[in-house]
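Here is the structure we will look at, set down as structure tokens.
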Amino acid sequence: MESEITLYKSQQERAGYATITIFTISSVGLLAAFCGVVFLLFTNQNFFYILISILVLLGVSGFLYASVKILISCIAERMKPVEEPVKRLTISSKGIFNHRTERQLIWEEISEIQVIDSMLSVTVDPHPEKDFQLNLSDTDVYKQMTRADFENLLKQHYKKEIYTYYTPPSCGCGG
């Protein structure tokens, strides 16, 4: 197990080429359906068929608009440059370095560490301005290691007790 780790801000996943291809094909298909319905609208002389064609035209145009809008957002997202990784927290044998506040906390000065539902809270009693919280879900920690490995890494350096609690996932049954 590693004795040091640097946590980075999670990178937002970008749309893949398969997604862009699927939305391109669906947009072209919906455009063809749109053209077909317009053709039927102008060639029919029965009022009932014209009314149905108008309703189908409205539905197809709505789906076409949504498909093209998603396609454009996927392409725009893909065109953005890749962000440089942003450091959030470094855990080492010396202590914890909070990169947001640019503060190094030595293990001996930390009075309490809690991990509650992916929220890391570090408390320094004599200096409350050094206290901080970090949402571990916003970092890449769970891509690098499991929860248990992260807790063991903290316990390896921090000799006092670490309070951890994870809310079990709900089944949604309301009971």
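Ordering of the structure tokens sets the chain letters (A, B, ...), residue numbers begin anew at 1 in every chain, and ligands are numbered from 1 in the order given.
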
With only C-alpha atoms as the counted atoms, please give the residues lying no more than 10 Å from stretch 131-148 of chain A, apart from itself and same-chain residues fewer than 4 positions off, as a ChimeraX atom specification. /A:1-2,5-11,86-89,98,100-101,105,110-125,127,152-154

What does the file look like for those residues with N, CA and C atoms, as an mmCIF file, in the first residue's frame?
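That gives us out.cif:
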data_model
loop_
_atom_site.group_PDB
_atom_site.id
_atom_site.type_symbol
_atom_site.label_atom_id
_atom_site.label_comp_id
_atom_site.auth_asym_id
_atom_site.auth_seq_id
_atom_site.Cartn_x
_atom_site.Cartn_y
_atom_site.Cartn_z
ATOM 1 N N MET A 1 0.839 -1.185 0.000
ATOM 2 C CA MET A 1 0.000 0.000 0.000
ATOM 3 C C MET A 1 0.884 1.248 0.000
ATOM 4 N N GLU A 2 0.439 2.276 -0.691
ATOM 5 C CA GLU A 2 1.192 3.511 -0.772
ATOM 6 C C GLU A 2 1.195 4.213 0.576
ATOM 7 N N ILE A 5 -0.073 9.958 -0.931
ATOM 8 C CA ILE A 5 -1.044 10.065 -2.023
ATOM 9 C C ILE A 5 -1.363 11.540 -2.235
ATOM 10 N N THR A 6 -1.606 11.894 -3.483
ATOM 11 C CA THR A 6 -2.069 13.231 -3.831
ATOM 12 C C THR A 6 -3.424 13.075 -4.503
ATOM 13 N N LEU A 7 -4.403 13.772 -3.965
ATOM 14 C CA LEU A 7 -5.747 13.724 -4.517
ATOM 15 C C LEU A 7 -5.952 14.922 -5.444
ATOM 16 N N TYR A 8 -6.511 14.637 -6.604
ATOM 17 C CA TYR A 8 -6.770 15.675 -7.597
ATOM 18 C C TYR A 8 -8.267 15.878 -7.743
ATOM 19 N N LYS A 9 -8.649 17.040 -8.253
ATOM 20 C CA LYS A 9 -10.051 17.316 -8.554
ATOM 21 C C LYS A 9 -10.490 16.338 -9.639
ATOM 22 N N SER A 10 -11.700 15.795 -9.490
ATOM 23 C CA SER A 10 -12.216 14.852 -10.482
ATOM 24 C C SER A 10 -12.376 15.544 -11.826
ATOM 25 N N GLN A 11 -11.966 14.836 -12.871
ATOM 26 C CA GLN A 11 -12.133 15.351 -14.227
ATOM 27 C C GLN A 11 -13.509 14.962 -14.736
ATOM 28 N N VAL A 86 -5.942 19.515 -11.037
ATOM 29 C CA VAL A 86 -5.838 20.457 -9.929
ATOM 30 C C VAL A 86 -5.656 19.658 -8.647
ATOM 31 N N LYS A 87 -4.569 19.919 -7.947
ATOM 32 C CA LYS A 87 -4.313 19.219 -6.679
ATOM 33 C C LYS A 87 -5.258 19.735 -5.610
ATOM 34 N N ARG A 88 -5.812 18.809 -4.828
ATOM 35 C CA ARG A 88 -6.702 19.171 -3.723
ATOM 36 C C ARG A 88 -6.081 18.877 -2.362
ATOM 37 N N LEU A 89 -5.433 17.704 -2.236
ATOM 38 C CA LEU A 89 -4.942 17.278 -0.927
ATOM 39 C C LEU A 89 -3.777 16.316 -1.118
ATOM 40 N N ASN A 98 -3.197 20.850 2.435
ATOM 41 C CA ASN A 98 -4.417 21.290 1.778
ATOM 42 C C ASN A 98 -4.015 22.277 0.680
ATOM 43 N N ARG A 100 -5.858 23.882 -1.491
ATOM 44 C CA ARG A 100 -6.741 25.045 -1.689
ATOM 45 C C ARG A 100 -6.303 26.219 -0.819
ATOM 46 N N THR A 101 -5.948 25.933 0.423
ATOM 47 C CA THR A 101 -5.520 26.997 1.336
ATOM 48 C C THR A 101 -4.008 27.105 1.422
ATOM 49 N N LEU A 105 -0.543 20.725 7.436
ATOM 50 C CA LEU A 105 -0.912 20.339 8.803
ATOM 51 C C LEU A 105 -0.072 19.140 9.196
ATOM 52 N N ILE A 110 -3.030 17.905 14.477
ATOM 53 C CA ILE A 110 -4.418 17.597 14.119
ATOM 54 C C ILE A 110 -5.086 16.945 15.320
ATOM 55 N N SER A 111 -6.250 17.494 15.729
ATOM 56 C CA SER A 111 -6.918 16.949 16.904
ATOM 57 C C SER A 111 -7.987 15.922 16.543
ATOM 58 N N GLU A 112 -8.550 16.001 15.335
ATOM 59 C CA GLU A 112 -9.593 15.043 14.982
ATOM 60 C C GLU A 112 -9.707 14.941 13.457
ATOM 61 N N ILE A 113 -9.914 13.703 13.006
ATOM 62 C CA ILE A 113 -10.191 13.435 11.592
ATOM 63 C C ILE A 113 -11.467 12.619 11.522
ATOM 64 N N GLN A 114 -12.391 13.067 10.667
ATOM 65 C CA GLN A 114 -13.653 12.357 10.458
ATOM 66 C C GLN A 114 -13.854 12.150 8.964
ATOM 67 N N VAL A 115 -14.377 10.981 8.624
ATOM 68 C CA VAL A 115 -14.807 10.707 7.260
ATOM 69 C C VAL A 115 -16.261 10.255 7.362
ATOM 70 N N ILE A 116 -17.169 11.164 7.009
ATOM 71 C CA ILE A 116 -18.598 10.871 7.098
ATOM 72 C C ILE A 116 -19.190 11.010 5.700
ATOM 73 N N ASP A 117 -19.631 9.889 5.155
ATOM 74 C CA ASP A 117 -20.247 9.872 3.818
ATOM 75 C C ASP A 117 -19.407 10.625 2.788
ATOM 76 N N SER A 118 -18.165 10.281 2.662
ATOM 77 C CA SER A 118 -17.236 10.859 1.682
ATOM 78 C C SER A 118 -16.882 12.314 1.963
ATOM 79 N N MET A 119 -17.157 12.806 3.156
ATOM 80 C CA MET A 119 -16.758 14.160 3.536
ATOM 81 C C MET A 119 -15.641 14.042 4.573
ATOM 82 N N LEU A 120 -14.446 14.442 4.179
ATOM 83 C CA LEU A 120 -13.296 14.414 5.079
ATOM 84 C C LEU A 120 -13.262 15.725 5.849
ATOM 85 N N SER A 121 -13.273 15.632 7.187
ATOM 86 C CA SER A 121 -13.210 16.817 8.043
ATOM 87 C C SER A 121 -11.970 16.703 8.913
ATOM 88 N N VAL A 122 -11.134 17.721 8.875
ATOM 89 C CA VAL A 122 -9.918 17.756 9.681
ATOM 90 C C VAL A 122 -10.039 18.938 10.628
ATOM 91 N N THR A 123 -9.847 18.664 11.931
ATOM 92 C CA THR A 123 -9.994 19.685 12.967
ATOM 93 C C THR A 123 -8.664 19.895 13.674
ATOM 94 N N VAL A 124 -8.304 21.172 13.847
ATOM 95 C CA VAL A 124 -7.111 21.559 14.601
ATOM 96 C C VAL A 124 -7.607 22.463 15.719
ATOM 97 N N ASP A 125 -7.700 21.912 16.961
ATOM 98 C CA ASP A 125 -8.321 22.647 18.062
ATOM 99 C C ASP A 125 -7.641 23.973 18.394
ATOM 100 N N HIS A 127 -6.024 25.965 16.573
ATOM 101 C CA HIS A 127 -6.064 26.899 15.442
ATOM 102 C C HIS A 127 -7.264 26.568 14.548
ATOM 103 N N ASN A 152 -7.079 3.115 5.858
ATOM 104 C CA ASN A 152 -5.827 2.513 6.348
ATOM 105 C C ASN A 152 -4.643 3.447 6.142
ATOM 106 N N LEU A 153 -4.633 4.179 5.039
ATOM 107 C CA LEU A 153 -3.566 5.151 4.796
ATOM 108 C C LEU A 153 -3.587 6.243 5.853
ATOM 109 N N LEU A 154 -4.788 6.736 6.181
ATOM 110 C CA LEU A 154 -4.886 7.745 7.239
ATOM 111 C C LEU A 154 -4.453 7.174 8.588
#

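Those residues that approach A:Phe42 to within 12 Å, counting only C-alpha atoms, are Cys35, Gly36, Tyr49, Ile50, Leu51, Ser53, Ile54 and Leu57 of chain A; same-chain residues fewer than 6 positions away are not listed.
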
Since we have the selection now, will you write its residues out, keeping N, CA, C and O atoms, as a compact mmCIF listing (two decimals), in the first residue's frame?
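Wrote it out as out04.txt, contents follow:
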# COMPACT_ATOMS: atom_id res chain seq x y z
N CYS A 35 -38.45 15.59 -43.54
CA CYS A 35 -38.67 15.87 -44.97
C CYS A 35 -39.81 15.01 -45.53
O CYS A 35 -40.63 15.49 -46.32
N GLY A 36 -39.88 13.74 -45.12
CA GLY A 36 -40.95 12.85 -45.58
C GLY A 36 -42.31 13.32 -45.13
O GLY A 36 -43.29 13.28 -45.89
N TYR A 49 -55.78 13.39 -43.03
CA TYR A 49 -54.36 13.07 -43.23
C TYR A 49 -53.47 14.31 -43.04
O TYR A 49 -52.36 14.21 -42.53
N ILE A 50 -53.97 15.47 -43.43
CA ILE A 50 -53.21 16.71 -43.23
C ILE A 50 -53.07 17.00 -41.74
O ILE A 50 -51.99 17.37 -41.26
N LEU A 51 -54.15 16.81 -40.98
CA LEU A 51 -54.11 17.04 -39.53
C LEU A 51 -53.13 16.07 -38.86
O LEU A 51 -52.33 16.49 -38.00
N SER A 53 -50.60 14.60 -40.30
CA SER A 53 -49.26 14.97 -40.76
C SER A 53 -48.70 16.15 -39.97
O SER A 53 -47.51 16.19 -39.65
N ILE A 54 -49.57 17.11 -39.65
CA ILE A 54 -49.12 18.26 -38.86
C ILE A 54 -48.71 17.82 -37.46
O ILE A 54 -47.67 18.26 -36.94
N LEU A 57 -45.49 15.99 -37.74
CA LEU A 57 -44.45 16.97 -38.05
C LEU A 57 -43.98 17.69 -36.80
O LEU A 57 -42.78 17.88 -36.59

Just want the 12 Å neighbourhood of stretch 29-32 of chain A, counted on only C-alpha atoms, with same-chain residues fewer than 6 positions away dropped. Output as a ChimeraX atom specification. /A:22-23,38-39,56-68

Generate a file of the selected residues that holds N, CA, C and O atoms, formatted as a PDB file, in the first residue's frame.
ATOM      1  N   ILE A  22     -23.708   8.317 -32.764  1.00  0.00           N
ATOM      2  CA  ILE A  22     -25.107   7.913 -32.575  1.00  0.00           C
ATOM      3  C   ILE A  22     -26.046   9.104 -32.755  1.00  0.00           C
ATOM      4  O   ILE A  22     -27.066   9.007 -33.440  1.00  0.00           O
ATOM      5  N   PHE A  23     -25.698  10.252 -32.161  1.00  0.00           N
ATOM      6  CA  PHE A  23     -26.564  11.417 -32.297  1.00  0.00           C
ATOM      7  C   PHE A  23     -26.516  12.004 -33.706  1.00  0.00           C
ATOM      8  O   PHE A  23     -27.498  12.585 -34.165  1.00  0.00           O
ATOM      9  N   VAL A  38     -43.134  16.432 -44.351  1.00  0.00           N
ATOM     10  CA  VAL A  38     -43.446  17.663 -45.091  1.00  0.00           C
ATOM     11  C   VAL A  38     -43.962  17.315 -46.490  1.00  0.00           C
ATOM     12  O   VAL A  38     -44.937  17.908 -46.977  1.00  0.00           O
ATOM     13  N   PHE A  39     -43.331  16.342 -47.125  1.00  0.00           N
ATOM     14  CA  PHE A  39     -43.794  15.905 -48.457  1.00  0.00           C
ATOM     15  C   PHE A  39     -45.229  15.393 -48.382  1.00  0.00           C
ATOM     16  O   PHE A  39     -46.075  15.738 -49.208  1.00  0.00           O
ATOM     17  N   VAL A  56     -47.674  14.793 -36.525  1.00  0.00           N
ATOM     18  CA  VAL A  56     -46.434  14.018 -36.647  1.00  0.00           C
ATOM     19  C   VAL A  56     -45.263  14.954 -36.933  1.00  0.00           C
ATOM     20  O   VAL A  56     -44.162  14.775 -36.399  1.00  0.00           O
ATOM     21  N   LEU A  57     -45.493  15.990 -37.739  1.00  0.00           N
ATOM     22  CA  LEU A  57     -44.452  16.965 -38.053  1.00  0.00           C
ATOM     23  C   LEU A  57     -43.982  17.688 -36.796  1.00  0.00           C
ATOM     24  O   LEU A  57     -42.782  17.879 -36.594  1.00  0.00           O
ATOM     25  N   LEU A  58     -44.908  18.062 -35.937  1.00  0.00           N
ATOM     26  CA  LEU A  58     -44.544  18.718 -34.679  1.00  0.00           C
ATOM     27  C   LEU A  58     -43.719  17.780 -33.787  1.00  0.00           C
ATOM     28  O   LEU A  58     -42.727  18.192 -33.183  1.00  0.00           O
ATOM     29  N   GLY A  59     -44.131  16.522 -33.696  1.00  0.00           N
ATOM     30  CA  GLY A  59     -43.387  15.561 -32.885  1.00  0.00           C
ATOM     31  C   GLY A  59     -41.990  15.305 -33.426  1.00  0.00           C
ATOM     32  O   GLY A  59     -41.002  15.314 -32.669  1.00  0.00           O
ATOM     33  N   VAL A  60     -41.885  15.081 -34.724  1.00  0.00           N
ATOM     34  CA  VAL A  60     -40.573  14.822 -35.330  1.00  0.00           C
ATOM     35  C   VAL A  60     -39.680  16.042 -35.207  1.00  0.00           C
ATOM     36  O   VAL A  60     -38.483  15.921 -34.920  1.00  0.00           O
ATOM     37  N   SER A  61     -40.242  17.245 -35.389  1.00  0.00           N
ATOM     38  CA  SER A  61     -39.411  18.447 -35.278  1.00  0.00           C
ATOM     39  C   SER A  61     -38.909  18.641 -33.838  1.00  0.00           C
ATOM     40  O   SER A  61     -37.783  19.096 -33.632  1.00  0.00           O
ATOM     41  N   GLY A  62     -39.733  18.297 -32.853  1.00  0.00           N
ATOM     42  CA  GLY A  62     -39.270  18.371 -31.458  1.00  0.00           C
ATOM     43  C   GLY A  62     -38.127  17.420 -31.182  1.00  0.00           C
ATOM     44  O   GLY A  62     -37.128  17.790 -30.554  1.00  0.00           O
ATOM     45  N   PHE A  63     -38.262  16.171 -31.656  1.00  0.00           N
ATOM     46  CA  PHE A  63     -37.171  15.208 -31.478  1.00  0.00           C
ATOM     47  C   PHE A  63     -35.924  15.624 -32.252  1.00  0.00           C
ATOM     48  O   PHE A  63     -34.799  15.447 -31.778  1.00  0.00           O
ATOM     49  N   LEU A  64     -36.108  16.168 -33.433  1.00  0.00           N
ATOM     50  CA  LEU A  64     -34.972  16.627 -34.237  1.00  0.00           C
ATOM     51  C   LEU A  64     -34.246  17.766 -33.533  1.00  0.00           C
ATOM     52  O   LEU A  64     -33.013  17.776 -33.453  1.00  0.00           O
ATOM     53  N   TYR A  65     -35.000  18.714 -32.993  1.00  0.00           N
ATOM     54  CA  TYR A  65     -34.392  19.822 -32.253  1.00  0.00           C
ATOM     55  C   TYR A  65     -33.580  19.311 -31.061  1.00  0.00           C
ATOM     56  O   TYR A  65     -32.445  19.731 -30.847  1.00  0.00           O
ATOM     57  N   ALA A  66     -34.159  18.397 -30.282  1.00  0.00           N
ATOM     58  CA  ALA A  66     -33.462  17.860 -29.107  1.00  0.00           C
ATOM     59  C   ALA A  66     -32.209  17.099 -29.515  1.00  0.00           C
ATOM     60  O   ALA A  66     -31.147  17.234 -28.890  1.00  0.00           O
ATOM     61  N   SER A  67     -32.305  16.307 -30.577  1.00  0.00           N
ATOM     62  CA  SER A  67     -31.168  15.518 -31.026  1.00  0.00           C
ATOM     63  C   SER A  67     -30.022  16.411 -31.505  1.00  0.00           C
ATOM     64  O   SER A  67     -28.855  16.183 -31.175  1.00  0.00           O
ATOM     65  N   VAL A  68     -30.356  17.438 -32.268  1.00  0.00           N
ATOM     66  CA  VAL A  68     -29.316  18.355 -32.769  1.00  0.00           C
ATOM     67  C   VAL A  68     -28.714  19.151 -31.618  1.00  0.00           C
ATOM     68  O   VAL A  68     -27.504  19.388 -31.577  1.00  0.00           O
TER      69      VAL A  68
END

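Among the candidates A:Ser27, A:Thr164, A:Ser73, A:Gln156, the residue lying nearest to A:Trp107 is A:Gln156 (atoms considered: only C-alpha atoms).
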
Using DSSP on the backbone, list every residue of chain A that comes out as alpha helix (DSSP H), and give them as a PDB file with C-alpha atoms, in the first residue's frame.
ATOM      1  CA  TYR A  17     -16.974   9.536 -30.391  1.00  0.00           C
ATOM      2  CA  ALA A  18     -19.562   6.752 -30.236  1.00  0.00           C
ATOM      3  CA  THR A  19     -22.067   9.127 -28.605  1.00  0.00           C
ATOM      4  CA  ILE A  20     -21.401  11.777 -31.235  1.00  0.00           C
ATOM      5  CA  THR A  21     -21.817   9.194 -34.012  1.00  0.00           C
ATOM      6  CA  ILE A  22     -25.107   7.913 -32.575  1.00  0.00           C
ATOM      7  CA  PHE A  23     -26.564  11.417 -32.297  1.00  0.00           C
ATOM      8  CA  THR A  24     -25.354  12.280 -35.810  1.00  0.00           C
ATOM      9  CA  ILE A  25     -27.100   9.220 -37.255  1.00  0.00           C
ATOM     10  CA  SER A  26     -30.289   9.886 -35.275  1.00  0.00           C
ATOM     11  CA  SER A  27     -30.287  13.550 -36.348  1.00  0.00           C
ATOM     12  CA  VAL A  28     -29.916  12.594 -40.020  1.00  0.00           C
ATOM     13  CA  GLY A  29     -32.691   9.992 -39.647  1.00  0.00           C
ATOM     14  CA  LEU A  30     -35.010  12.486 -37.978  1.00  0.00           C
ATOM     15  CA  LEU A  31     -34.219  15.044 -40.686  1.00  0.00           C
ATOM     16  CA  ALA A  32     -35.206  12.474 -43.326  1.00  0.00           C
ATOM     17  CA  ALA A  33     -38.436  11.755 -41.427  1.00  0.00           C
ATOM     18  CA  PHE A  34     -39.093  15.485 -41.185  1.00  0.00           C
ATOM     19  CA  CYS A  35     -38.668  15.871 -44.967  1.00  0.00           C
ATOM     20  CA  GLY A  36     -40.946  12.853 -45.580  1.00  0.00           C
ATOM     21  CA  VAL A  37     -43.699  14.255 -43.377  1.00  0.00           C
ATOM     22  CA  VAL A  38     -43.446  17.663 -45.091  1.00  0.00           C
ATOM     23  CA  PHE A  39     -43.794  15.905 -48.457  1.00  0.00           C
ATOM     24  CA  LEU A  40     -46.883  14.023 -47.217  1.00  0.00           C
ATOM     25  CA  LEU A  41     -48.310  17.248 -45.819  1.00  0.00           C
ATOM     26  CA  PHE A  42     -48.172  18.984 -49.206  1.00  0.00           C
ATOM     27  CA  THR A  43     -49.280  16.008 -51.330  1.00  0.00           C
ATOM     28  CA  PHE A  47     -58.169  16.959 -44.222  1.00  0.00           C
ATOM     29  CA  PHE A  48     -57.759  14.083 -41.743  1.00  0.00           C
ATOM     30  CA  TYR A  49     -54.356  13.074 -43.227  1.00  0.00           C
ATOM     31  CA  ILE A  50     -53.206  16.709 -43.235  1.00  0.00           C
ATOM     32  CA  LEU A  51     -54.109  17.035 -39.533  1.00  0.00           C
ATOM     33  CA  ILE A  52     -52.238  13.826 -38.662  1.00  0.00           C
ATOM     34  CA  SER A  53     -49.257  14.967 -40.762  1.00  0.00           C
ATOM     35  CA  ILE A  54     -49.122  18.263 -38.862  1.00  0.00           C
ATOM     36  CA  LEU A  55     -49.141  16.455 -35.498  1.00  0.00           C
ATOM     37  CA  VAL A  56     -46.434  14.018 -36.647  1.00  0.00           C
ATOM     38  CA  LEU A  57     -44.452  16.965 -38.053  1.00  0.00           C
ATOM     39  CA  LEU A  58     -44.544  18.718 -34.679  1.00  0.00           C
ATOM     40  CA  GLY A  59     -43.387  15.561 -32.885  1.00  0.00           C
ATOM     41  CA  VAL A  60     -40.573  14.822 -35.330  1.00  0.00           C
ATOM     42  CA  SER A  61     -39.411  18.447 -35.278  1.00  0.00           C
ATOM     43  CA  GLY A  62     -39.270  18.371 -31.458  1.00  0.00           C
ATOM     44  CA  PHE A  63     -37.171  15.208 -31.478  1.00  0.00           C
ATOM     45  CA  LEU A  64     -34.972  16.627 -34.237  1.00  0.00           C
ATOM     46  CA  TYR A  65     -34.392  19.822 -32.253  1.00  0.00           C
ATOM     47  CA  ALA A  66     -33.462  17.860 -29.107  1.00  0.00           C
ATOM     48  CA  SER A  67     -31.168  15.518 -31.026  1.00  0.00           C
ATOM     49  CA  VAL A  68     -29.316  18.355 -32.769  1.00  0.00           C
ATOM     50  CA  LYS A  69     -29.037  20.296 -29.495  1.00  0.00           C
ATOM     51  CA  ILE A  70     -27.463  17.285 -27.731  1.00  0.00           C
ATOM     52  CA  LEU A  71     -25.180  16.660 -30.726  1.00  0.00           C
ATOM     53  CA  ILE A  72     -23.927  20.252 -30.695  1.00  0.00           C
ATOM     54  CA  SER A  73     -23.306  20.175 -26.936  1.00  0.00           C
ATOM     55  CA  CYS A  74     -21.385  16.876 -27.257  1.00  0.00           C
ATOM     56  CA  ILE A  75     -19.205  18.295 -30.027  1.00  0.00           C
ATOM     57  CA  ALA A  76     -18.608  21.539 -28.100  1.00  0.00           C
ATOM     58  CA  GLU A  77     -17.678  19.549 -24.992  1.00  0.00           C
ATOM     59  CA  ARG A  78     -15.284  17.403 -27.007  1.00  0.00           C
ATOM     60  CA  MET A  79     -13.625  20.493 -28.500  1.00  0.00           C
ATOM     61  CA  VAL A 141      -9.454   9.125  -4.464  1.00  0.00           C
ATOM     62  CA  TYR A 142     -11.872   6.294  -5.259  1.00  0.00           C
ATOM     63  CA  LYS A 143     -10.238   5.808  -8.656  1.00  0.00           C
ATOM     64  CA  GLN A 144      -6.871   5.353  -6.940  1.00  0.00           C
ATOM     65  CA  ARG A 147     -12.477   3.430   1.011  1.00  0.00           C
ATOM     66  CA  ALA A 148     -10.804   0.883   3.252  1.00  0.00           C
ATOM     67  CA  ASP A 149      -7.396   1.556   1.690  1.00  0.00           C
ATOM     68  CA  PHE A 150      -7.884   5.302   2.182  1.00  0.00           C
ATOM     69  CA  GLU A 151      -8.843   4.797   5.834  1.00  0.00           C
ATOM     70  CA  ASN A 152      -5.827   2.513   6.348  1.00  0.00           C
ATOM     71  CA  LEU A 153      -3.566   5.151   4.796  1.00  0.00           C
ATOM     72  CA  LEU A 154      -4.886   7.745   7.239  1.00  0.00           C
ATOM     73  CA  LYS A 155      -4.556   5.320  10.185  1.00  0.00           C
ATOM     74  CA  GLN A 156      -1.000   4.509   9.152  1.00  0.00           C
ATOM     75  CA  HIS A 157       0.039   8.138   9.748  1.00  0.00           C
TER      76      HIS A 157
END

For A:Glu108: contacts at 10 Å, only C-alpha atoms, fewer than 6 positions along chain excluded, given as number ranges by chain: A: 94-95, 124, 157-160

Let's have the selection written as a CSV table (one decimal), in the first residue's frame, with N, CA and C atoms.
chain,number,residue,atom,x,y,z
A,94,LYS,N,4.7,13.3,6.7
A,94,LYS,CA,4.8,14.6,7.4
A,94,LYS,C,3.4,15.1,7.9
A,95,GLY,N,2.4,14.9,7.1
A,95,GLY,CA,1.1,15.4,7.5
A,95,GLY,C,0.2,15.5,6.3
A,124,VAL,N,-8.3,21.2,13.8
A,124,VAL,CA,-7.1,21.6,14.6
A,124,VAL,C,-7.6,22.5,15.7
A,157,HIS,N,-0.7,6.9,9.4
A,157,HIS,CA,0.0,8.1,9.7
A,157,HIS,C,-0.5,8.8,11.0
A,158,TYR,N,-1.9,8.8,11.1
A,158,TYR,CA,-2.5,9.5,12.2
A,158,TYR,C,-2.8,8.5,13.3
A,159,LYS,N,-2.1,8.7,14.4
A,159,LYS,CA,-2.1,7.7,15.5
A,159,LYS,C,-3.4,7.7,16.4
A,160,LYS,N,-4.1,8.8,16.4
A,160,LYS,CA,-5.3,8.9,17.2
A,160,LYS,C,-6.5,8.2,16.4

Out of chain A, which residues get strand (DSSP E) from DSSP, as a ChimeraX atom specification? /A:5-8,87-91,95-98,103-106,112-116,119-123,132-135,162-165

Taken to one decimal, the atom CA of A:Ile106-atom CA of A:Tyr163 distance is 18.5 Å
